$ cat upload.csv   # CSV, N, CA, C and O atoms
chain,number,residue,atom,x,y,z
A,145,LEU,N,105.4,89.0,76.7
A,145,LEU,CA,104.0,89.1,76.2
A,145,LEU,C,104.2,89.7,74.8
A,145,LEU,O,104.7,90.8,74.6
A,146,THR,N,103.7,89.0,73.8
A,146,THR,CA,103.7,89.5,72.4
A,146,THR,C,102.3,89.8,71.9
A,146,THR,O,102.1,90.5,70.9
A,147,ALA,N,101.3,89.2,72.5
A,147,ALA,CA,99.9,89.4,72.1
A,147,ALA,C,98.9,89.0,73.2
A,147,ALA,O,99.3,88.2,74.1
A,148,TYR,N,97.8,89.6,73.0
A,148,TYR,CA,96.7,89.2,74.0
A,148,TYR,C,95.5,89.0,73.1
A,148,TYR,O,95.1,89.8,72.3
A,149,ARG,N,94.8,87.8,73.3
A,149,ARG,CA,93.6,87.5,72.5
A,149,ARG,C,92.4,87.6,73.4
A,149,ARG,O,92.4,87.1,74.6
A,150,VAL,N,91.4,88.2,72.9
A,150,VAL,CA,90.1,88.4,73.6
A,150,VAL,C,89.1,87.6,72.8
A,150,VAL,O,88.8,88.0,71.7
A,151,ASP,N,88.5,86.6,73.4
A,151,ASP,CA,87.5,85.8,72.8
A,151,ASP,C,86.1,86.5,72.9
A,151,ASP,O,85.6,86.6,74.0
A,152,VAL,N,85.7,87.1,71.9
A,152,VAL,CA,84.4,87.9,71.8
A,152,VAL,C,83.6,87.3,70.7
A,152,VAL,O,84.1,86.8,69.7
A,153,PRO,N,82.3,87.5,70.7
A,153,PRO,CA,81.4,87.1,69.6
A,153,PRO,C,81.8,88.0,68.3
A,153,PRO,O,82.3,89.1,68.4
A,154,ASP,N,81.6,87.4,67.2
A,154,ASP,CA,81.8,88.1,65.9
A,154,ASP,C,81.0,89.4,65.9
A,154,ASP,O,79.9,89.5,66.5
A,155,GLY,N,81.6,90.5,65.4
A,155,GLY,CA,81.0,91.8,65.3
A,155,GLY,C,82.0,92.9,65.3
A,155,GLY,O,83.2,92.6,65.3
A,156,ASP,N,81.6,94.1,65.3
A,156,ASP,CA,82.4,95.3,65.2
A,156,ASP,C,82.6,95.8,66.7
A,156,ASP,O,81.6,95.9,67.4
A,157,TYR,N,83.8,96.2,67.0
A,157,TYR,CA,84.2,96.7,68.3
A,157,TYR,C,85.0,97.9,68.3
A,157,TYR,O,85.8,98.2,67.3
A,158,GLU,N,84.9,98.7,69.3
A,158,GLU,CA,85.8,99.8,69.6
A,158,GLU,C,86.7,99.2,70.7
A,158,GLU,O,86.3,98.8,71.7
A,159,VAL,N,88.0,99.2,70.4
A,159,VAL,CA,89.0,98.7,71.4
A,159,VAL,C,89.8,99.9,72.0
A,159,VAL,O,90.3,100.7,71.2
A,160,GLU,N,89.8,100.0,73.3
A,160,GLU,CA,90.5,101.1,73.9
A,160,GLU,C,91.6,100.5,74.8
A,160,GLU,O,91.2,99.7,75.7
A,161,LEU,N,92.8,100.8,74.6
A,161,LEU,CA,93.9,100.3,75.4
A,161,LEU,C,94.4,101.4,76.3
A,161,LEU,O,94.6,102.5,75.9
A,162,LEU,N,94.5,101.1,77.6
A,162,LEU,CA,94.7,102.1,78.6
A,162,LEU,C,96.1,101.9,79.2
A,162,LEU,O,96.5,100.7,79.6
A,163,PHE,N,96.8,103.0,79.4
A,163,PHE,CA,98.2,102.9,79.9
A,163,PHE,C,98.4,104.0,81.0
A,163,PHE,O,97.8,105.0,81.0
A,164,ALA,N,99.4,103.7,81.8
A,164,ALA,CA,100.0,104.7,82.7
A,164,ALA,C,101.5,104.2,82.9
A,164,ALA,O,101.7,103.1,83.5
A,165,GLU,N,102.4,105.0,82.4
A,165,GLU,CA,103.8,104.6,82.6
A,165,GLU,C,104.2,104.7,84.1
A,165,GLU,O,104.2,105.8,84.6
A,166,PRO,N,104.7,103.6,84.7
A,166,PRO,CA,105.0,103.7,86.1
A,166,PRO,C,106.4,104.3,86.4
A,166,PRO,O,106.5,105.0,87.5
A,167,ASP,N,107.4,104.1,85.6
A,167,ASP,CA,108.7,104.5,86.0
A,167,ASP,C,109.7,104.7,84.9
A,167,ASP,O,110.8,105.2,85.2
A,168,ALA,N,109.5,104.3,83.7
A,168,ALA,CA,110.5,104.4,82.6
A,168,ALA,C,110.7,105.9,82.2
A,168,ALA,O,109.7,106.7,82.1
A,169,LYS,N,111.9,106.3,82.0
A,169,LYS,CA,112.3,107.6,81.5
A,169,LYS,C,112.0,107.6,80.0
A,169,LYS,O,112.0,106.6,79.3
A,170,PRO,N,111.9,108.8,79.4
A,170,PRO,CA,111.7,108.9,78.0
A,170,PRO,C,112.8,108.1,77.2
A,170,PRO,O,114.0,108.1,77.5
A,171,GLY,N,112.3,107.3,76.3
A,171,GLY,CA,113.2,106.5,75.5
A,171,GLY,C,113.5,105.1,76.0
A,171,GLY,O,114.1,104.2,75.3
A,172,GLU,N,113.2,104.8,77.3
A,172,GLU,CA,113.5,103.5,77.9
A,172,GLU,C,112.5,102.4,77.5
A,172,GLU,O,112.8,101.3,77.5
A,173,ARG,N,111.2,102.8,77.3
A,173,ARG,CA,110.2,101.9,76.9
A,173,ARG,C,109.4,102.4,75.7
A,173,ARG,O,108.7,103.4,75.8
A,174,VAL,N,109.7,101.8,74.6
A,174,VAL,CA,109.1,102.2,73.3
A,174,VAL,C,108.6,100.9,72.6
A,174,VAL,O,109.3,99.9,72.5
A,175,PHE,N,107.3,101.0,72.2
A,175,PHE,CA,106.7,99.8,71.6
A,175,PHE,C,105.7,100.2,70.6
A,175,PHE,O,105.2,101.4,70.6
A,176,SER,N,105.2,99.3,69.7
A,176,SER,CA,104.2,99.5,68.8
A,176,SER,C,103.0,98.5,69.1
A,176,SER,O,103.2,97.5,69.7
A,177,LEU,N,101.8,98.9,68.7
A,177,LEU,CA,100.6,98.1,69.0
A,177,LEU,C,99.9,97.9,67.7
A,177,LEU,O,99.8,98.7,66.8
A,178,SER,N,99.2,96.7,67.7
A,178,SER,CA,98.3,96.4,66.6
A,178,SER,C,97.1,95.7,67.1
A,178,SER,O,97.1,95.1,68.2
A,179,VAL,N,96.0,95.8,66.4
A,179,VAL,CA,94.7,95.1,66.7
A,179,VAL,C,94.4,94.3,65.4
A,179,VAL,O,94.2,94.9,64.4
A,180,ASN,N,94.3,93.0,65.6
A,180,ASN,CA,94.0,92.1,64.4
A,180,ASN,C,94.9,92.4,63.3
A,180,ASN,O,94.5,92.4,62.1
A,181,GLY,N,96.2,92.6,63.6
A,181,GLY,CA,97.2,92.8,62.6
A,181,GLY,C,97.3,94.2,62.0
A,181,GLY,O,98.2,94.5,61.2
A,182,LYS,N,96.4,95.1,62.4
A,182,LYS,CA,96.5,96.5,61.9
A,182,LYS,C,97.2,97.4,62.9
A,182,LYS,O,96.8,97.4,64.1
A,183,ASP,N,98.2,98.1,62.4
A,183,ASP,CA,98.9,99.0,63.3
A,183,ASP,C,98.0,100.1,63.9
A,183,ASP,O,97.3,100.7,63.1
A,184,VAL,N,98.0,100.3,65.2
A,184,VAL,CA,97.2,101.4,65.8
A,184,VAL,C,98.1,102.4,66.5
A,184,VAL,O,97.6,103.5,66.8
A,185,ALA,N,99.3,102.0,66.8
A,185,ALA,CA,100.3,103.0,67.4
A,185,ALA,C,101.7,102.5,67.1
A,185,ALA,O,102.0,101.3,67.3
A,186,THR,N,102.5,103.3,66.6
A,186,THR,CA,103.9,102.9,66.3
A,186,THR,C,104.9,103.8,67.1
A,186,THR,O,104.6,105.0,67.4
A,187,ASN,N,105.9,103.2,67.6
A,187,ASN,CA,106.9,103.9,68.4
A,187,ASN,C,106.3,104.7,69.6
A,187,ASN,O,106.7,105.8,69.8
A,188,LEU,N,105.4,104.0,70.3
A,188,LEU,CA,104.8,104.6,71.4
A,188,LEU,C,105.7,104.7,72.6
A,188,LEU,O,106.2,103.7,73.1
A,189,ASP,N,106.0,105.9,73.1
A,189,ASP,CA,106.8,106.2,74.2
A,189,ASP,C,106.0,107.0,75.2
A,189,ASP,O,105.8,108.2,75.1
A,190,LEU,N,105.3,106.2,76.1
A,190,LEU,CA,104.4,106.8,77.0
A,190,LEU,C,105.0,107.9,77.9
A,190,LEU,O,104.4,109.0,78.1
A,191,SER,N,106.2,107.7,78.4
A,191,SER,CA,106.9,108.7,79.2
A,191,SER,C,107.1,110.0,78.5
A,191,SER,O,106.9,111.1,79.0
A,192,ALA,N,107.6,109.9,77.3
A,192,ALA,CA,107.9,111.1,76.5
A,192,ALA,C,106.7,111.8,76.1
A,192,ALA,O,106.7,113.0,76.1
A,193,LYS,N,105.6,111.1,75.8
A,193,LYS,CA,104.4,111.7,75.3
A,193,LYS,C,103.5,112.2,76.4
A,193,LYS,O,102.9,113.3,76.2
A,194,TYR,N,103.4,111.4,77.5
A,194,TYR,CA,102.4,111.8,78.5
A,194,TYR,C,103.0,112.0,79.9
A,194,TYR,O,102.4,112.7,80.7
A,195,GLY,N,104.2,111.5,80.1
A,195,GLY,CA,104.9,111.7,81.4
A,195,GLY,C,104.6,110.4,82.3
A,195,GLY,O,103.9,109.5,81.9
A,196,ILE,N,105.2,110.5,83.5
A,196,ILE,CA,105.1,109.3,84.4
A,196,ILE,C,103.8,109.4,85.1
A,196,ILE,O,103.3,110.5,85.6
A,197,ALA,N,103.1,108.2,85.2
A,197,ALA,CA,101.9,108.1,86.0
A,197,ALA,C,100.7,108.9,85.5
A,197,ALA,O,99.7,109.1,86.2
A,198,TRP,N,100.7,109.3,84.2
A,198,TRP,CA,99.5,109.9,83.6
A,198,TRP,C,98.8,108.9,82.8
A,198,TRP,O,99.4,108.2,82.0
A,199,ALA,N,97.5,109.0,82.9
A,199,ALA,CA,96.6,108.0,82.1
A,199,ALA,C,96.7,108.4,80.6
A,199,ALA,O,96.7,109.6,80.3
A,200,ALA,N,96.7,107.4,79.8
A,200,ALA,CA,96.7,107.6,78.4
A,200,ALA,C,95.9,106.4,77.7
A,200,ALA,O,95.8,105.4,78.3
A,201,SER,N,95.4,106.7,76.6
A,201,SER,CA,94.6,105.7,75.9
A,201,SER,C,94.9,105.7,74.4
A,201,SER,O,95.2,106.8,73.8
A,202,VAL,N,94.7,104.6,73.8
A,202,VAL,CA,94.8,104.4,72.3
A,202,VAL,C,93.5,103.7,71.9
A,202,VAL,O,93.2,102.6,72.5
A,203,LYS,N,92.8,104.3,71.0
A,203,LYS,CA,91.5,103.6,70.5
A,203,LYS,C,91.7,103.1,69.1
A,203,LYS,O,92.4,103.8,68.3
A,204,ALA,N,91.0,102.1,68.8
A,204,ALA,CA,90.9,101.5,67.4
A,204,ALA,C,89.6,100.8,67.2
A,204,ALA,O,89.0,100.3,68.1
A,205,ASP,N,89.2,100.8,66.0
A,205,ASP,CA,88.0,100.0,65.6
A,205,ASP,C,88.5,98.7,65.0
A,205,ASP,O,89.5,98.7,64.3
A,206,ALA,N,87.8,97.6,65.4
A,206,ALA,CA,88.2,96.3,64.9
A,206,ALA,C,87.0,95.4,64.7
A,206,ALA,O,86.0,95.7,65.4
A,207,ALA,N,87.1,94.4,63.9
A,207,ALA,CA,86.1,93.5,63.7
A,207,ALA,C,86.5,92.1,64.1
A,207,ALA,O,87.6,91.6,63.7
A,208,ALA,N,85.7,91.4,64.8
A,208,ALA,CA,85.9,90.0,65.1
A,208,ALA,C,85.1,89.2,64.1
A,208,ALA,O,83.9,89.5,63.9
A,209,ALA,N,85.7,88.2,63.5
A,209,ALA,CA,85.1,87.4,62.4
A,209,ALA,C,85.5,86.0,62.5
A,209,ALA,O,86.6,85.7,62.9
A,210,ASN,N,84.6,85.1,62.1
A,210,ASN,CA,84.9,83.7,62.0
A,210,ASN,C,85.3,83.0,63.3
A,210,ASN,O,86.2,82.1,63.3
A,211,GLY,N,84.8,83.6,64.4
A,211,GLY,CA,85.2,83.0,65.7
A,211,GLY,C,86.6,83.2,66.2
A,211,GLY,O,87.0,82.5,67.1
A,212,THR,N,87.3,84.2,65.6
A,212,THR,CA,88.7,84.4,65.9
A,212,THR,C,88.9,85.4,67.0
A,212,THR,O,90.1,85.5,67.5
A,213,GLY,N,87.9,86.1,67.4
A,213,GLY,CA,88.1,87.1,68.5
A,213,GLY,C,88.9,88.3,68.0
A,213,GLY,O,89.0,88.6,66.8
A,214,LEU,N,89.5,89.0,69.0
A,214,LEU,CA,90.4,90.1,68.7
A,214,LEU,C,91.7,89.8,69.3
A,214,LEU,O,91.9,89.3,70.4
A,215,VAL,N,92.8,90.2,68.5
A,215,VAL,CA,94.2,90.0,68.9
A,215,VAL,C,94.9,91.3,69.0
A,215,VAL,O,95.0,92.0,68.0
A,216,ILE,N,95.3,91.6,70.2
A,216,ILE,CA,96.1,92.9,70.4
A,216,ILE,C,97.6,92.5,70.5
A,216,ILE,O,98.0,91.7,71.3
A,217,GLY,N,98.3,93.0,69.5
A,217,GLY,CA,99.7,92.6,69.4
A,217,GLY,C,100.6,93.7,69.9
A,217,GLY,O,100.3,94.9,69.8
A,218,PHE,N,101.8,93.3,70.5
A,218,PHE,CA,102.8,94.2,71.0
A,218,PHE,C,104.1,94.0,70.3
A,218,PHE,O,104.5,92.8,70.3
A,219,LYS,N,104.7,95.0,69.8
A,219,LYS,CA,106.1,94.8,69.2
A,219,LYS,C,107.0,95.7,70.0
A,219,LYS,O,107.0,96.9,69.9
A,220,PRO,N,107.9,95.1,70.8
A,220,PRO,CA,108.9,95.9,71.6
A,220,PRO,C,109.9,96.5,70.7
A,220,PRO,O,110.4,95.8,69.8
A,221,ILE,N,110.2,97.7,71.0
A,221,ILE,CA,111.3,98.4,70.2
A,221,ILE,C,112.5,98.6,71.2
A,221,ILE,O,113.6,98.4,70.9
A,222,ARG,N,112.1,99.1,72.4
A,222,ARG,CA,113.1,99.3,73.5
A,222,ARG,C,112.4,99.0,74.8
A,222,ARG,O,111.3,99.6,75.1
A,223,GLY,N,112.9,98.1,75.6
A,223,GLY,CA,112.3,97.8,76.9
A,223,GLY,C,111.1,96.8,76.6
A,223,GLY,O,110.9,96.3,75.5
A,224,LYS,N,110.3,96.6,77.6
A,224,LYS,CA,109.1,95.7,77.5
A,224,LYS,C,107.9,96.5,77.4
A,224,LYS,O,107.7,97.5,78.1
A,225,PRO,N,107.0,96.1,76.5
A,225,PRO,CA,105.7,96.8,76.4
A,225,PRO,C,104.9,96.7,77.7
A,225,PRO,O,105.1,95.8,78.5
A,226,ILE,N,104.0,97.6,77.9
A,226,ILE,CA,103.1,97.7,79.1
A,226,ILE,C,101.7,97.9,78.6
A,226,ILE,O,101.4,98.5,77.6
A,227,LEU,N,100.8,97.3,79.4
A,227,LEU,CA,99.3,97.6,79.2
A,227,LEU,C,98.7,97.5,80.5
A,227,LEU,O,98.9,96.5,81.3
A,228,ASN,N,97.9,98.5,80.9
A,228,ASN,CA,97.2,98.5,82.2
A,228,ASN,C,95.7,98.0,82.1
A,228,ASN,O,95.3,97.4,83.1
A,229,ALA,N,95.0,98.3,81.0
A,229,ALA,CA,93.7,97.8,80.9
A,229,ALA,C,93.2,97.8,79.5
A,229,ALA,O,93.8,98.5,78.6
A,230,ILE,N,92.2,97.0,79.2
A,230,ILE,CA,91.5,97.0,77.9
A,230,ILE,C,90.0,97.2,78.1
A,230,ILE,O,89.4,96.6,79.0
A,231,ARG,N,89.5,98.1,77.3
A,231,ARG,CA,88.1,98.3,77.3
A,231,ARG,C,87.5,98.0,75.9
A,231,ARG,O,88.0,98.6,74.9
A,232,LEU,N,86.5,97.2,75.9
A,232,LEU,CA,85.9,96.8,74.6
A,232,LEU,C,84.4,97.3,74.6
A,232,LEU,O,83.7,97.2,75.6
A,233,ARG,N,84.0,97.9,73.5
A,233,ARG,CA,82.6,98.3,73.3
A,233,ARG,C,82.1,97.7,72.0
A,233,ARG,O,82.7,98.0,70.9
A,234,LYS,N,81.1,96.9,72.1
A,234,LYS,CA,80.5,96.4,70.8
A,234,LYS,C,79.7,97.5,70.2
A,234,LYS,O,78.9,98.2,70.8
A,235,LYS,N,79.9,97.6,68.9
A,235,LYS,CA,79.2,98.6,68.1
A,235,LYS,C,77.8,98.1,67.6
A,235,LYS,O,77.6,96.9,67.4

$ encode --input "upload.csv" --output "structure tokens"
Amino acid sequence: LTAYRVDVPDGDYEVELLFAEPDAKPGERVFSLSVNGKDVATNLDLSAKYGIAWAASVKADAAAANGTGLVIGFKPIRGKPILNAIRLRKK
């Protein structure tokens, strides 16, 4: 998985990405996130920052334009990126 596209009507949105690291030790799963090409988290290590099985979220504001929706990108640095849920709120 390198990206996730959400087809939404044009407009401004708050994007909340929700995570809970199931089992990786600190340093085993590190990745960066972007929304519509804009970096929203770099070198995210959920285990090191929050611990195992603790809920965490990353929020970003983004605009969908020209019928392209929203694209959430994942850049693996170490291990495979993880995502548990996406919450969108139209502004």

$ closest_residue --input "upload.csv" --among "A:Ala209, A:Leu214, A:Ile230, A:Ala200" --to "Pro166 in chain A" --atoms "only C-alpha atoms"
A:Ala200

$ atom_distance --input "upload.csv" --atom1 "atom O of Lys235 in chain A" --atom2 "atom O of Lys203 in chain A"
16.4 Å

$ closest_residue --input "upload.csv" --among "A:Val159, A:Ala204, A:Ile221, A:Glu165" --to "Asn187 in chain A" --atoms "only N, CA, C and O atoms"
A:Ile221

$ atom_distance --input "upload.csv" --atom1 "CA of Ala208 in chain A" --atom2 "CA of Phe175 in chain A"
23.9 Å

$ residues_around --input "upload.csv" --residues "Arg233 in chain A" --least-positions-apart "5" --cutoff "10 Å" --atoms "only C-alpha atoms" --output "JSON, numbers by chain"
{"A": [156, 157, 158, 159, 160, 205]}

$ atom_distance --input "upload.csv" --atom1 "CA of Leu190 in chain A" --atom2 "CA of Asp151 in chain A"
27.3 Å

$ select_by_dssp --input "upload.csv" --residues "range 170-204 of chain A" --states "strand (DSSP E or B)" --output "list in words"
Val174, Phe175, Ser176, Leu177, Ser178, Val179, Lys182, Asp183, Val184, Ala185, Thr186, Asn187, Leu188, Ala199, Ala200, Ser201, Val202, Lys203 and Ala204 of chain A

$ residues_around --input "upload.csv" --residues "Gly223 in chain A" --least-positions-apart "4" --cutoff "7 Å" --atoms "only N, CA, C and O atoms" --output "short mmCIF file (atom, residue, chain, number, x, y, z; two decimals) with N, CA, C and O atoms, in the coordinates of the input"
data_model
loop_
_atom_site.label_atom_id
_atom_site.label_comp_id
_atom_site.auth_asym_id
_atom_site.auth_seq_id
_atom_site.Cartn_x
_atom_site.Cartn_y
_atom_site.Cartn_z
N GLY A 171 112.30 107.30 76.30
CA GLY A 171 113.20 106.50 75.50
C GLY A 171 113.50 105.10 76.00
O GLY A 171 114.10 104.20 75.30
N GLU A 172 113.20 104.80 77.30
CA GLU A 172 113.50 103.50 77.90
C GLU A 172 112.50 102.40 77.50
O GLU A 172 112.80 101.30 77.50
N ARG A 173 111.20 102.80 77.30
CA ARG A 173 110.20 101.90 76.90
C ARG A 173 109.40 102.40 75.70
O ARG A 173 108.70 103.40 75.80
N VAL A 174 109.70 101.80 74.60
CA VAL A 174 109.10 102.20 73.30
C VAL A 174 108.60 100.90 72.60
O VAL A 174 109.30 99.90 72.50
N PHE A 175 107.30 101.00 72.20
CA PHE A 175 106.70 99.80 71.60
C PHE A 175 105.70 100.20 70.60
O PHE A 175 105.20 101.40 70.60
N LYS A 219 104.70 95.00 69.80
CA LYS A 219 106.10 94.80 69.20
C LYS A 219 107.00 95.70 70.00
O LYS A 219 107.00 96.90 69.90
#

$ residues_around --input "upload.csv" --residues "Ala199 in chain A" --least-positions-apart "2" --cutoff "8 Å" --atoms "all atoms listed in the file" --output "NGL selection string"
:A and (161-165 or 194-197 or 201)

$ closest_residue --input "upload.csv" --among "A:Ala168, A:Pro220, A:Asp189, A:Asn210" --to "Val152 in chain A" --atoms "all atoms listed in the file"
A:Asn210

$ select_by_dssp --input "upload.csv" --residues "range 180-228 of chain A" --states "helix (DSSP H, G or I)" --output "list in words"
Leu190, Ser191, Ala192, Lys193 and Tyr194 of chain A

$ closest_residue --input "upload.csv" --among "A:Ile216, A:Lys193, A:Pro170, A:Ser176" --to "Tyr148 in chain A" --atoms "all atoms listed in the file"
A:Ile216

$ closest_residue --input "upload.csv" --among "A:Ser191, A:Ile226, A:Val150, A:Thr212" --to "Leu177 in chain A" --atoms "only C-alpha atoms"
A:Ile226
